[in-house]
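*Asks:* run.cif (mmCIF, C-alpha atoms and all ligand atoms) pasted underneath:
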```cif
data_data
#
loop_
_atom_site.label_atom_id
_atom_site.label_comp_id
_atom_site.auth_asym_id
_atom_site.auth_seq_id
_atom_site.Cartn_x
_atom_site.Cartn_y
_atom_site.Cartn_z
CA MET G 1 -2.60 -13.02 27.38
CA LEU G 2 -5.04 -10.14 27.21
CA LYS G 3 -5.90 -8.39 23.98
CA VAL G 4 -8.25 -5.70 22.75
CA PHE G 5 -11.62 -6.76 21.37
CA ASN G 6 -13.77 -4.39 19.33
CA CYS G 7 -17.30 -4.48 20.81
CA ASP G 8 -20.65 -3.07 19.68
CA LEU G 9 -22.97 -4.16 22.47
CA HIS G 10 -26.26 -2.61 21.35
CA ILE G 11 -27.63 -3.64 17.94
CA HIS G 12 -31.26 -4.10 16.89
CA THR G 13 -32.71 -6.49 14.30
CA CYS G 14 -35.80 -6.30 12.09
CA LEU G 15 -37.78 -7.54 15.10
CA SER G 16 -37.62 -4.01 16.51
CA PRO G 17 -40.49 -1.94 15.05
CA CYS G 18 -38.23 1.01 14.29
CA ALA G 19 -35.48 -1.05 12.60
CA GLU G 20 -35.32 -1.62 8.86
CA LEU G 21 -36.37 -4.99 7.43
CA ASP G 22 -32.89 -5.41 5.89
CA MET G 23 -31.63 -5.79 9.44
CA HIS G 24 -32.08 -9.57 9.38
CA PRO G 25 -29.68 -11.95 11.15
CA LYS G 26 -27.53 -12.98 8.17
CA ALA G 27 -27.09 -9.41 6.86
CA LEU G 28 -26.41 -8.14 10.37
CA VAL G 29 -23.59 -10.65 10.94
CA GLU G 30 -22.09 -9.98 7.49
CA ARG G 31 -21.98 -6.25 8.19
CA ALA G 32 -20.53 -6.80 11.68
CA LEU G 33 -17.72 -8.88 10.14
CA GLU G 34 -17.10 -6.21 7.50
CA GLN G 35 -16.80 -3.69 10.32
CA ARG G 36 -14.26 -5.95 12.05
CA LEU G 37 -16.32 -6.31 15.20
CA ASP G 38 -15.25 -9.07 17.59
CA ILE G 39 -18.25 -9.05 19.93
CA ILE G 40 -21.80 -7.84 19.28
CA ALA G 41 -24.87 -7.84 21.52
CA VAL G 42 -28.25 -8.22 19.83
CA SER G 43 -30.80 -6.22 21.80
CA ASP G 44 -34.30 -5.76 20.42
CA HIS G 45 -36.97 -3.74 22.20
CA ASN G 46 -38.69 -6.05 24.71
CA ALA G 47 -38.07 -9.03 22.41
CA SER G 48 -35.44 -11.64 21.65
CA ALA G 49 -36.78 -14.11 19.05
CA ASN G 50 -34.11 -13.18 16.49
CA VAL G 51 -31.18 -13.70 18.86
CA PRO G 52 -30.85 -17.49 18.26
CA TYR G 53 -30.90 -16.83 14.50
CA VAL G 54 -28.14 -14.23 14.76
CA MET G 55 -26.15 -16.76 16.80
CA ALA G 56 -26.77 -19.37 14.09
CA ALA G 57 -25.72 -16.92 11.38
CA ALA G 58 -22.50 -16.26 13.31
CA ALA G 59 -21.71 -19.92 14.02
CA GLY G 60 -18.23 -20.84 12.80
CA LYS G 61 -17.41 -17.21 12.07
CA ASN G 62 -14.93 -15.07 13.91
CA ILE G 63 -17.46 -13.13 15.96
CA CYS G 64 -19.13 -13.60 19.36
CA VAL G 65 -22.85 -12.85 19.76
CA ILE G 66 -24.06 -11.87 23.23
CA PRO G 67 -27.78 -12.57 23.84
CA ALA G 68 -29.41 -9.34 24.99
CA MET G 69 -32.60 -7.28 25.17
CA GLU G 70 -33.43 -3.57 25.53
CA ILE G 71 -36.33 -3.52 27.95
CA THR G 72 -38.54 -0.48 28.48
CA THR G 73 -39.22 -0.15 32.21
CA SER G 74 -42.38 1.24 33.75
CA GLU G 75 -40.57 4.60 34.05
CA GLU G 76 -39.96 4.48 30.26
CA VAL G 77 -36.24 3.93 30.78
CA HIS G 78 -34.41 1.77 28.23
CA LEU G 79 -32.41 -0.86 30.12
CA LEU G 80 -30.02 -3.27 28.40
CA ALA G 81 -29.78 -6.82 29.73
CA LEU G 82 -26.81 -8.90 28.53
CA PHE G 83 -26.44 -12.63 29.13
CA GLY G 84 -24.01 -15.50 28.73
CA PRO G 85 -26.29 -18.47 28.06
CA LEU G 86 -29.33 -17.93 25.86
CA ALA G 87 -31.43 -19.57 28.59
CA GLY G 88 -31.06 -16.53 30.85
CA LEU G 89 -32.40 -14.26 28.13
CA GLN G 90 -35.26 -16.63 27.40
CA ARG G 91 -36.31 -16.66 31.06
CA LEU G 92 -36.25 -12.86 31.08
CA GLN G 93 -38.39 -12.88 27.92
CA GLU G 94 -41.06 -14.96 29.70
CA ILE G 95 -41.19 -12.30 32.44
CA VAL G 96 -41.25 -9.40 29.97
CA ASP G 97 -44.08 -11.06 28.01
CA ARG G 98 -46.23 -11.14 31.16
CA HIS G 99 -45.60 -7.42 31.74
CA LEU G 100 -45.96 -5.98 28.25
CA PHE G 101 -49.40 -5.02 26.96
CA GLY G 102 -51.04 -3.94 23.74
CA VAL G 103 -50.92 -4.89 20.06
CA ASN G 104 -48.54 -3.42 17.47
CA ASP G 105 -49.93 -0.95 14.94
CA GLU G 106 -47.92 -2.03 11.89
CA ASP G 107 -48.95 1.00 9.82
CA ARG G 108 -47.71 3.35 12.50
CA PHE G 109 -44.68 1.58 13.95
CA GLY G 110 -43.67 -0.94 11.28
CA VAL G 111 -43.64 -4.73 11.17
CA GLN G 112 -41.75 -6.84 13.69
CA ALA G 113 -40.26 -9.69 11.70
CA ILE G 114 -38.76 -12.91 12.99
CA VAL G 115 -36.22 -13.97 10.34
CA ASN G 116 -33.97 -17.03 10.42
CA GLU G 117 -30.27 -17.27 9.63
CA ARG G 118 -31.02 -18.00 5.97
CA GLY G 119 -33.04 -14.80 5.57
CA GLU G 120 -36.42 -16.57 5.60
CA VAL G 121 -39.32 -15.00 7.49
CA GLU G 122 -40.41 -17.29 10.32
CA GLY G 123 -43.25 -15.07 11.49
CA PHE G 124 -44.22 -11.74 12.98
CA ASN G 125 -44.41 -10.55 16.56
CA HIS G 126 -47.71 -8.70 17.18
CA GLN G 127 -47.00 -7.37 20.66
CA LEU G 128 -46.64 -3.62 21.17
CA LEU G 129 -42.85 -3.91 21.44
CA ILE G 130 -42.43 -0.14 21.26
CA GLY G 131 -44.48 0.17 24.48
CA ALA G 132 -43.33 0.11 28.08
CA THR G 133 -43.56 -2.84 30.44
CA ASP G 134 -44.94 -2.31 33.94
CA LEU G 135 -41.63 -3.51 35.44
CA PRO G 136 -39.96 -0.86 37.66
CA ILE G 137 -36.26 -0.38 36.93
CA ASP G 138 -34.98 -1.38 40.38
CA SER G 139 -36.79 -4.71 40.45
CA LEU G 140 -35.86 -5.37 36.82
CA VAL G 141 -32.16 -4.91 37.65
CA ASP G 142 -32.56 -7.46 40.46
CA THR G 143 -34.32 -9.89 38.11
CA ILE G 144 -31.57 -9.57 35.48
CA HIS G 145 -28.94 -10.24 38.15
CA GLN G 146 -30.85 -13.26 39.47
CA LEU G 147 -30.87 -14.63 35.93
CA GLY G 148 -27.09 -14.16 35.68
CA GLY G 149 -27.15 -11.11 33.41
CA LEU G 150 -25.67 -7.63 33.35
CA ALA G 151 -27.99 -4.61 33.67
CA ILE G 152 -26.85 -1.49 31.79
CA PRO G 153 -29.03 1.63 31.34
CA ALA G 154 -28.95 2.58 27.65
CA HIS G 155 -27.92 5.97 26.22
CA ILE G 156 -28.05 7.75 29.60
CA ASP G 157 -27.30 11.13 27.98
CA ARG G 158 -30.32 11.06 25.67
CA GLU G 159 -33.28 13.33 26.32
CA SER G 160 -35.82 10.54 26.09
CA PHE G 161 -36.05 6.96 27.33
CA SER G 162 -32.93 7.32 29.47
CA VAL G 163 -32.47 6.91 33.19
CA LEU G 164 -31.44 10.56 33.50
CA SER G 165 -34.28 11.93 31.36
CA GLN G 166 -36.89 9.85 33.19
CA LEU G 167 -35.60 9.79 36.78
CA GLY G 168 -33.31 12.84 36.80
CA PHE G 169 -30.38 11.16 38.55
CA ILE G 170 -28.57 7.89 39.16
CA ASP G 171 -28.72 6.85 42.78
CA GLN G 172 -25.28 6.05 44.22
CA SER G 173 -26.79 2.86 45.62
CA SER G 174 -28.01 1.66 42.24
CA ARG G 175 -26.72 -1.73 41.16
CA PHE G 176 -26.14 -1.03 37.47
CA ASP G 177 -23.17 -2.96 36.08
CA ALA G 178 -22.16 -0.20 33.67
CA LEU G 179 -23.70 2.80 31.90
CA GLU G 180 -24.07 3.29 28.16
CA ILE G 181 -23.27 6.69 26.65
CA SER G 182 -24.80 7.34 23.23
CA LYS G 183 -22.51 7.57 20.22
CA ARG G 184 -23.42 11.22 19.81
CA MET G 185 -21.66 12.02 23.10
CA GLY G 186 -19.10 9.22 23.37
CA ILE G 187 -17.22 8.09 26.44
CA ARG G 188 -14.67 10.92 26.62
CA LYS G 189 -17.30 13.67 26.65
CA GLY G 190 -19.45 11.51 28.92
CA ARG G 191 -16.69 11.46 31.55
CA LEU G 192 -16.49 15.28 31.45
CA ARG G 193 -20.27 15.64 31.56
CA TYR G 194 -20.89 13.16 34.40
CA PRO G 195 -18.02 13.32 36.93
CA GLU G 196 -20.44 12.14 39.62
CA LEU G 197 -20.73 8.80 37.80
CA ALA G 198 -17.00 8.11 37.93
CA ARG G 199 -17.46 4.82 39.76
CA TYR G 200 -19.32 3.25 36.83
CA ALA G 201 -17.83 1.65 33.74
CA PHE G 202 -18.95 3.47 30.58
CA LEU G 203 -19.69 1.77 27.28
CA THR G 204 -20.65 3.23 23.95
CA SER G 205 -22.37 1.40 21.12
CA SER G 206 -23.98 2.05 17.77
CA ASP G 207 -27.61 1.34 18.87
CA ALA G 208 -27.93 0.45 15.18
CA HIS G 209 -31.41 0.19 13.68
CA PHE G 210 -30.03 0.21 10.13
CA ILE G 211 -27.37 -2.00 8.55
CA ARG G 212 -25.15 0.97 7.72
CA ASP G 213 -25.01 1.98 11.40
CA ILE G 214 -23.55 -1.28 12.73
CA GLY G 215 -20.12 -0.61 14.20
CA THR G 216 -20.37 3.18 13.90
CA ALA G 217 -19.63 3.37 17.63
CA THR G 218 -17.67 0.69 19.44
CA THR G 219 -16.00 0.11 22.78
CA PRO G 220 -12.52 -1.44 22.89
CA ILE G 221 -12.35 -3.93 25.75
CA LEU G 222 -9.26 -5.71 27.06
CA LEU G 223 -10.11 -9.41 27.49
CA LYS G 224 -8.53 -12.85 27.40
CA GLU G 225 -11.16 -14.17 25.00
CA PRO G 226 -14.43 -12.90 23.50
CA THR G 227 -16.98 -14.19 26.01
CA PHE G 228 -19.70 -12.82 28.25
CA ASP G 229 -17.82 -13.86 31.40
CA GLU G 230 -14.80 -11.86 30.28
CA ILE G 231 -17.01 -8.81 29.65
CA ARG G 232 -18.46 -9.22 33.13
CA MET G 233 -14.92 -9.07 34.54
CA ALA G 234 -14.09 -6.03 32.42
CA VAL G 235 -17.06 -3.92 33.56
CA SER G 236 -16.04 -4.51 37.17
CA GLY G 237 -12.32 -4.12 36.39
CA GLN G 238 -11.31 -7.60 37.58
CA ASN G 239 -8.14 -9.55 36.72
CA GLY G 240 -6.77 -6.88 34.40
CA ARG G 241 -9.82 -6.98 32.16
CA GLN G 242 -10.98 -3.47 31.43
CA ILE G 243 -12.79 -1.11 29.13
CA LEU G 244 -10.25 1.07 27.36
CA GLU G 245 -11.02 4.77 27.37
CA GLU G 246 -9.08 7.16 25.18
ZN ZN G 301 -33.06 2.83 23.47
ZN ZN G 302 -31.67 0.57 21.18
#
```
Translate this file's structure into structure tokens.
*Replies:*
Amino acid sequence: MLKVFNCDLHIHTCLSPCAELDMHPKALVERALEQRLDIIAVSDHNASANVPYVMAAAAGKNICVIPAMEITTSEEVHLLALFGPLAGLQRLQEIVDRHLFGVNDEDRFGVQAIVNERGEVEGFNHQLLIGATDLPIDSLVDTIHQLGGLAIPAHIDRESFSVLSQLGFIDQSSRFDALEISKRMGIRKGRLRYPELARYAFLTSSDAHFIRDIGTATTPILLKEPTFDEIRMAVSGQNGRQILEE
């Protein structure tokens, strides 16, 4: 039987330079449970070291954690990659690490903390995570697909770091699995604003960088169970799985 799952598929942790330090794995999961979320995706900028700790913090609890990353492409587009197994994300991380340059300026951008499921600091990432990789969006989408993931341009309606702000259009031949509309616009307004993108599934998420923002925008998705494979079916509208739009 299918039922509706409450999904927030774009949440940062304290590993993202612009996120607050309180956004550590244990606190993040506690807030997600308070907000009655069923599925969350943890997507730091060009980084993923906190994902296993969020999964550990969620173990045995009534919430599914999707391993994810928000990669900055060479065009300065934010692209979400969502995975089933953690291994797919970790292979993508190896590629991103080879294509991301520079050192973080902690005074300017903030620290990038790796924190375990008990709230203990494991270390700091010193890469310039706020920077762009030199990976072009089209080849990155192919890479994500080869690794078994879903490729979803983030906040397409935003005036910076979005596929529309950077490229001006979405090619009808593009192989994006869905498009994310920011919470400021929401899916309903997004449909009115972008009729030419009707063939794509739309998602909306909190893009939370602060604990209080987790779950402030969610997408209800009709699934059999809370898993990545079910979400994959829903974004392509297979077997009755679907994203519910108001
Ligand atoms: Zn973004
Ligand atoms: Zn984000």
*Asks:* Rounded to one decimal place, report the atom CA of G:Phe228-atom CA of G:Ile95 distance in Å.
*Replies:* 21.9 Å
*Asks:* Give as a PDB file with C-alpha atoms, in the coordinates of the input every residue, naming chains and numbers as the document does, that has an atom within 6 Å of (-41.2, -5.3, 11.3), counting all atoms listed in the file.
*Replies:*
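The resulting result.pdb:
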```pdb
ATOM      1  CA  CYS G  14     -35.800  -6.300  12.090  1.00  0.00           C
ATOM      2  CA  LEU G  15     -37.780  -7.540  15.100  1.00  0.00           C
ATOM      3  CA  PRO G  17     -40.490  -1.940  15.050  1.00  0.00           C
ATOM      4  CA  GLY G 110     -43.670  -0.940  11.280  1.00  0.00           C
ATOM      5  CA  VAL G 111     -43.640  -4.730  11.170  1.00  0.00           C
ATOM      6  CA  GLN G 112     -41.750  -6.840  13.690  1.00  0.00           C
ATOM      7  CA  ALA G 113     -40.260  -9.690  11.700  1.00  0.00           C
TER       8      ALA G 113
END
```
*Asks:* When distances are computed from all atoms listed in the file, which of G:Asp134, G:Asp22, G:Glu30, G:Glu245 shows the smallest separation from G:Ile71?
*Replies:*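 Looking only at the distances to G:Ile71, the closest residue turns out to be G:Asp134.
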*Asks:* Could you report the residues within 8 Å of ligand ZN 301 (chain G), using all atoms listed in the file, as JSON, numbers by chain?
*Replies:* {"G": [45, 70, 78, 79, 154, 155, 161, 162, 207]}
*Asks:* Go ahead and compute the interatomic distance for atom CA of G:Ile231 and atom CA of G:Gly168, in Å to one decimal.
*Replies:*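 Taking atom CA of G:Ile231 as the start and atom CA of G:Gly168 as the end point, the length is 28.0 Å.
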*Asks:* Give me the residues near stretch 59-63 of chain G as a PyMOL selection string, where near means some atom within 10 Å (using all atoms listed in the file) and where sequence neighbours in that chain fewer than 2 positions away do not count.
*Replies:* chain G and resi 7+29-30+32-33+36-40+53-57+65-66+117+226
*Asks:* List as a short mmCIF file (atom, residue, chain, number, x, y, z; two decimals) with C-alpha atoms, in the coordinates of the input the protein and nucleic acid residues lying within 12 Å of ligand ZN 302 (chain G), with only C-alpha atoms and all ligand atoms counted.
*Replies:*
```
data_model
loop_
_atom_site.label_atom_id
_atom_site.label_comp_id
_atom_site.auth_asym_id
_atom_site.auth_seq_id
_atom_site.Cartn_x
_atom_site.Cartn_y
_atom_site.Cartn_z
CA ASP G 8 -20.65 -3.07 19.68
CA LEU G 9 -22.97 -4.16 22.47
CA HIS G 10 -26.26 -2.61 21.35
CA ILE G 11 -27.63 -3.64 17.94
CA HIS G 12 -31.26 -4.10 16.89
CA THR G 13 -32.71 -6.49 14.30
CA LEU G 15 -37.78 -7.54 15.10
CA SER G 16 -37.62 -4.01 16.51
CA PRO G 17 -40.49 -1.94 15.05
CA CYS G 18 -38.23 1.01 14.29
CA ALA G 19 -35.48 -1.05 12.60
CA ALA G 41 -24.87 -7.84 21.52
CA VAL G 42 -28.25 -8.22 19.83
CA SER G 43 -30.80 -6.22 21.80
CA ASP G 44 -34.30 -5.76 20.42
CA HIS G 45 -36.97 -3.74 22.20
CA ASN G 46 -38.69 -6.05 24.71
CA ALA G 47 -38.07 -9.03 22.41
CA ALA G 68 -29.41 -9.34 24.99
CA MET G 69 -32.60 -7.28 25.17
CA GLU G 70 -33.43 -3.57 25.53
CA ILE G 71 -36.33 -3.52 27.95
CA THR G 72 -38.54 -0.48 28.48
CA VAL G 77 -36.24 3.93 30.78
CA HIS G 78 -34.41 1.77 28.23
CA LEU G 79 -32.41 -0.86 30.12
CA LEU G 80 -30.02 -3.27 28.40
CA ALA G 81 -29.78 -6.82 29.73
CA ILE G 130 -42.43 -0.14 21.26
CA ILE G 152 -26.85 -1.49 31.79
CA PRO G 153 -29.03 1.63 31.34
CA ALA G 154 -28.95 2.58 27.65
CA HIS G 155 -27.92 5.97 26.22
CA ILE G 156 -28.05 7.75 29.60
CA ARG G 158 -30.32 11.06 25.67
CA SER G 160 -35.82 10.54 26.09
CA PHE G 161 -36.05 6.96 27.33
CA SER G 162 -32.93 7.32 29.47
CA GLU G 180 -24.07 3.29 28.16
CA ILE G 181 -23.27 6.69 26.65
CA SER G 182 -24.80 7.34 23.23
CA LYS G 183 -22.51 7.57 20.22
CA THR G 204 -20.65 3.23 23.95
CA SER G 205 -22.37 1.40 21.12
CA SER G 206 -23.98 2.05 17.77
CA ASP G 207 -27.61 1.34 18.87
CA ALA G 208 -27.93 0.45 15.18
CA HIS G 209 -31.41 0.19 13.68
CA PHE G 210 -30.03 0.21 10.13
CA ASP G 213 -25.01 1.98 11.40
CA ILE G 214 -23.55 -1.28 12.73
#
```
*Asks:* Name the residues within 9 Å of (-47.8, -8.0, 17.5), counting all atoms listed in the file in the file's coordinates, and put them as a ChimeraX atom specification.
*Replies:* /G:102-106,111-112,124-129
*Asks:* Using only C-alpha atoms, determine which residues lie at most 7 Å from stretch 234-242 of chain G, disregarding the query and same-chain residues fewer than 2 positions distant; provide the list as a PyMOL selection string.
*Replies:* chain G and resi 177-178+201+221-223+230-232+244
*Asks:* Near G:Gly149, within 6 Å and counting all atoms listed in the file, which residues show up once chain neighbours fewer than 4 positions away are dropped, as a list in words?
*Replies:* Leu82, Phe83, Ile144 and His145 of chain G
